[in-house]
Each structure stands twice: as C-alpha cells, then as structure tokens.
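Below: one structure, written as structure tokens.
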Amino acid sequence: MNTEKFIKIFNESIEKFHIKNDVNQDIPLIEYDSAFEMLLFRKNWIDTVQWHLEDIIRKPDIAPQEAVDLKRRIDRSNQDRTDMVEEIDDFYFEKFQYIKPNGFALLNTETPAWAIDRLSILALKIYHMREQTFRTDADEAHVRSCQNKLTVLMRQQKDLSLAIDQLLDNLASGKVIVKTYKQMKMYNDPALNPMLKMSKK
C-alpha cells in the first residue's frame, strides 16, 4: 500500500466528518479491506476532530470553564494521536523486522508513522485551504492568497508522498534500518508529572 491509498483514506475521513461537522459525533463504521486501512482512517478522524477543537478553543469570547474543558479534551486527543502513530509504527516494525539491512543501511530521522502523521495533517490543511478558495464573502486578495497557499500545500503533499514511498521501499530492501521508538510522553503520566501527583492529594 502506498501514499496514494493513504491520502484517499484520509480524504474519506475528512469528507465524512464534514457531513455533520460536529466534534461530538461518533466515528462512522467504515469497512476496509484491512485492519491497517481502518487504523489510518481512525488516525485521521482523531486529527480532524482535534483540528476543529483547536478552532473552537480560540474563540475570543469562550467561557473560561469551556476553555479548560476543551484543553483537557485536546490533551486526551494528543495522547490518542500518539498512540495511533505508535500502532502504525508497530505495523511497519513487524512487517520489516526480518529484513536484513545491507552494509550501507542508514537510519532515518523519523519513523514511517510520524511521516504518515504529517501526511494526515497535510490532507486537513489542503481541505480547509481549498474551502477558503471557494469563499464568496471574502475579497479577491484573500482568495488569491489562499489559492497560492493551496498550490504550495499540494506540492508539499506530492513531495512528502514521494519521500514516504521511498522510505517504505528502502525499508523493504534493507537500505534503511527499521526502528521504532515509543514517545514516552511524561505530562500525561501520574508517575512522571509531579502536578498530576499533587492533584491526587
């Protein structure tokens, strides 16, 4: 499976979210050919909901308690997002763990899943920037600026897609060493964040 399929799944997730455009809606039941494809869909769904939560929390007139509740929800979403990324990396680690690296194999600066995470976010940027180009209540300068930004985002998507496909090919051929690292986030762990310890007293 290559990035063309990833983008298709991400776009399906984004389109389905915007049917209701509600951050409280349940994730739809989608049938894909593999559990991995469903994992990609769920990953982007989390990203899409969080995108809109980040918009809501920036309302100038938001009530303080609503902002606190949203911040807590965004924190949970970030943890869910990280967990999903690690699931994707586990998939690739299992897929490539028996590939013997060649004598010139290199380490990559990021794992496949974190690159795929960026591709998911990029799909959201493209969707929402394209929306701006269709606005009839904005002036011509705004629309033109957004069209230019959309062009850059589309080029970025093409380049990132190629880089991910190359990375996966290189992992499969032993040109890149497959490794996976857990994020070990500390701020959500009561054993590591002293503020969480204090809150339980």
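Here's how to read the names in the structure tokens: chain A, B, ... by the order shown, residue numbers from 1 in each chain, ligand numbers from 1 in the order shown.
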Fewer than 4 positions away in the same chain doesn't count, so skip those; otherwise give me all residues within 12 Å of Asp55 (chain A), counting only C-alpha atoms, as a short mmCIF file (atom, residue, chain, number, x, y, z; two decimals) with C-alpha atoms, in the first residue's frame.
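Below is the file out-v5.cif, written as the result:
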```cif
data_model
loop_
_atom_site.label_atom_id
_atom_site.label_comp_id
_atom_site.auth_asym_id
_atom_site.auth_seq_id
_atom_site.Cartn_x
_atom_site.Cartn_y
_atom_site.Cartn_z
CA VAL A 23 -16.75 17.38 17.10
CA THR A 48 -9.84 16.04 12.09
CA VAL A 49 -11.76 16.31 15.35
CA GLN A 50 -8.74 17.89 17.02
CA TRP A 51 -8.36 20.38 14.16
CA LYS A 59 -12.95 31.77 20.16
CA PRO A 60 -12.32 35.25 21.65
CA ILE A 62 -15.01 31.50 25.03
CA ALA A 67 -11.68 26.57 27.55
CA LEU A 70 -11.51 21.83 25.76
CA LYS A 71 -7.84 21.94 26.75
CA ILE A 74 -7.24 18.29 23.35
CA HIS A 128 -9.52 23.70 4.65
#
```
So that I can check the secondary structure, give me every residue of region 15-192 of chain A assigned alpha helix (DSSP H) by backbone DSSP, as a ChimeraX atom specification. /A:15-20,35-56,64-96,112-133,140-173
For Lys43 (chain A), which residue out of A:Asn170, A:Asn2, A:Ser77, A:Asn193 is the nearest one, using only C-alpha atoms?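 Checking each of A:Asn170, A:Asn2, A:Ser77, A:Asn193 against Lys43 (chain A), counting only C-alpha atoms, the winner is A:Ser77.
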Write out as a tab-separated table a residue-level contact list of region 90-172 of chain A versus region 12-22 of chain A with cut-off 10 Å: for each qualifying residue the closest pair of atoms and the distance in Å to one decimal, counting only C-alpha atoms, rows sorted by chain and residue number upward.
```
residue	atom	partner	partner_atom	distance
A:Ser120	CA	A:Ile14	CA	9.8
A:Ala123	CA	A:Ile14	CA	8.3
A:Leu124	CA	A:Ile14	CA	7.2
A:Tyr127	CA	A:Ile14	CA	7.9
A:His128	CA	A:Ile14	CA	9.9
```
Could you tell me how far CA of Asp89 (chain A) lies from CA of Asp33 (chain A), in Å and to one decimal? 19.3 Å
Could you give me, as a ChimeraX atom specification, the residues within 9 Å of region 130-137 of chain A, counting only C-alpha atoms and dropping anything in the same chain fewer than 5 positions from it? /A:125,142-147,150
I need the residues from that last selection saved to file as an mmCIF file, in the first residue's frame (with N, CA and C atoms), if you can.
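File again29.cif, as written:
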```
data_model
loop_
_atom_site.group_PDB
_atom_site.id
_atom_site.type_symbol
_atom_site.label_atom_id
_atom_site.label_comp_id
_atom_site.auth_asym_id
_atom_site.auth_seq_id
_atom_site.Cartn_x
_atom_site.Cartn_y
_atom_site.Cartn_z
ATOM 1 N N LYS A 125 -4.980 20.377 6.031
ATOM 2 C CA LYS A 125 -4.618 21.726 5.594
ATOM 3 C C LYS A 125 -5.127 21.989 4.182
ATOM 4 N N HIS A 142 -7.802 37.879 -0.619
ATOM 5 C CA HIS A 142 -7.806 36.728 0.293
ATOM 6 C C HIS A 142 -7.888 35.429 -0.496
ATOM 7 N N VAL A 143 -8.781 35.371 -1.455
ATOM 8 C CA VAL A 143 -8.955 34.158 -2.249
ATOM 9 C C VAL A 143 -7.679 33.853 -3.027
ATOM 10 N N ARG A 144 -7.090 34.868 -3.630
ATOM 11 C CA ARG A 144 -5.855 34.661 -4.398
ATOM 12 C C ARG A 144 -4.731 34.167 -3.494
ATOM 13 N N SER A 145 -4.613 34.753 -2.299
ATOM 14 C CA SER A 145 -3.588 34.320 -1.349
ATOM 15 C C SER A 145 -3.782 32.859 -0.964
ATOM 16 N N CYS A 146 -5.024 32.469 -0.743
ATOM 17 C CA CYS A 146 -5.308 31.083 -0.374
ATOM 18 C C CYS A 146 -5.062 30.129 -1.543
ATOM 19 N N GLN A 147 -5.322 30.586 -2.752
ATOM 20 C CA GLN A 147 -5.026 29.750 -3.923
ATOM 21 C C GLN A 147 -3.520 29.494 -4.042
ATOM 22 N N LEU A 150 -2.594 27.063 -1.368
ATOM 23 C CA LEU A 150 -3.060 25.724 -1.733
ATOM 24 C C LEU A 150 -2.092 25.072 -2.720
#
```
For region 81-87 of chain A, list every protein, DNA or RNA residue within 9 Å, evaluated using only C-alpha atoms, and leave out those in the same chain fewer than 4 positions away; present the list as a list in words.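 Returned residues: Leu39, Leu40, Arg42, Lys43, Asn44, Ile46, Asp47, Arg76, Ser77, Phe91, Tyr92, Ala113, Trp114, Ile116, Asp117, Thr180, Tyr181, Lys182, Gln183 and Lys185 of chain A.
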Considering only C-alpha atoms, tabulate each residue of region 112-154 of chain A that lies at most 10 Å from region 158-164 of chain A along with its nearest interatomic pair and the corresponding distance in Å to one decimal; arrange the rows by chain and ascending residue number and present them as CSV.
```
residue,atom,partner,partner_atom,distance
A:Pro112,CA,A:Ile164,CA,6.9
A:Ala113,CA,A:Ile164,CA,9.4
A:Ala115,CA,A:Ile164,CA,6.7
A:Ile116,CA,A:Ile164,CA,7.4
A:Arg118,CA,A:Leu160,CA,8.5
A:Leu119,CA,A:Leu160,CA,7.1
A:Leu122,CA,A:Leu160,CA,9.4
A:Val152,CA,A:Lys158,CA,9.9
A:Leu153,CA,A:Lys158,CA,8.6
A:Met154,CA,A:Lys158,CA,6.3
```
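Our summary of the geometry notes that CA of Leu107 (chain A) is positioned 17.2 Å from CA of Glu94 (chain A).
Across the structure, CA of Leu171 (chain A) and CA of Pro101 (chain A) are spaced 8.3 Å apart.
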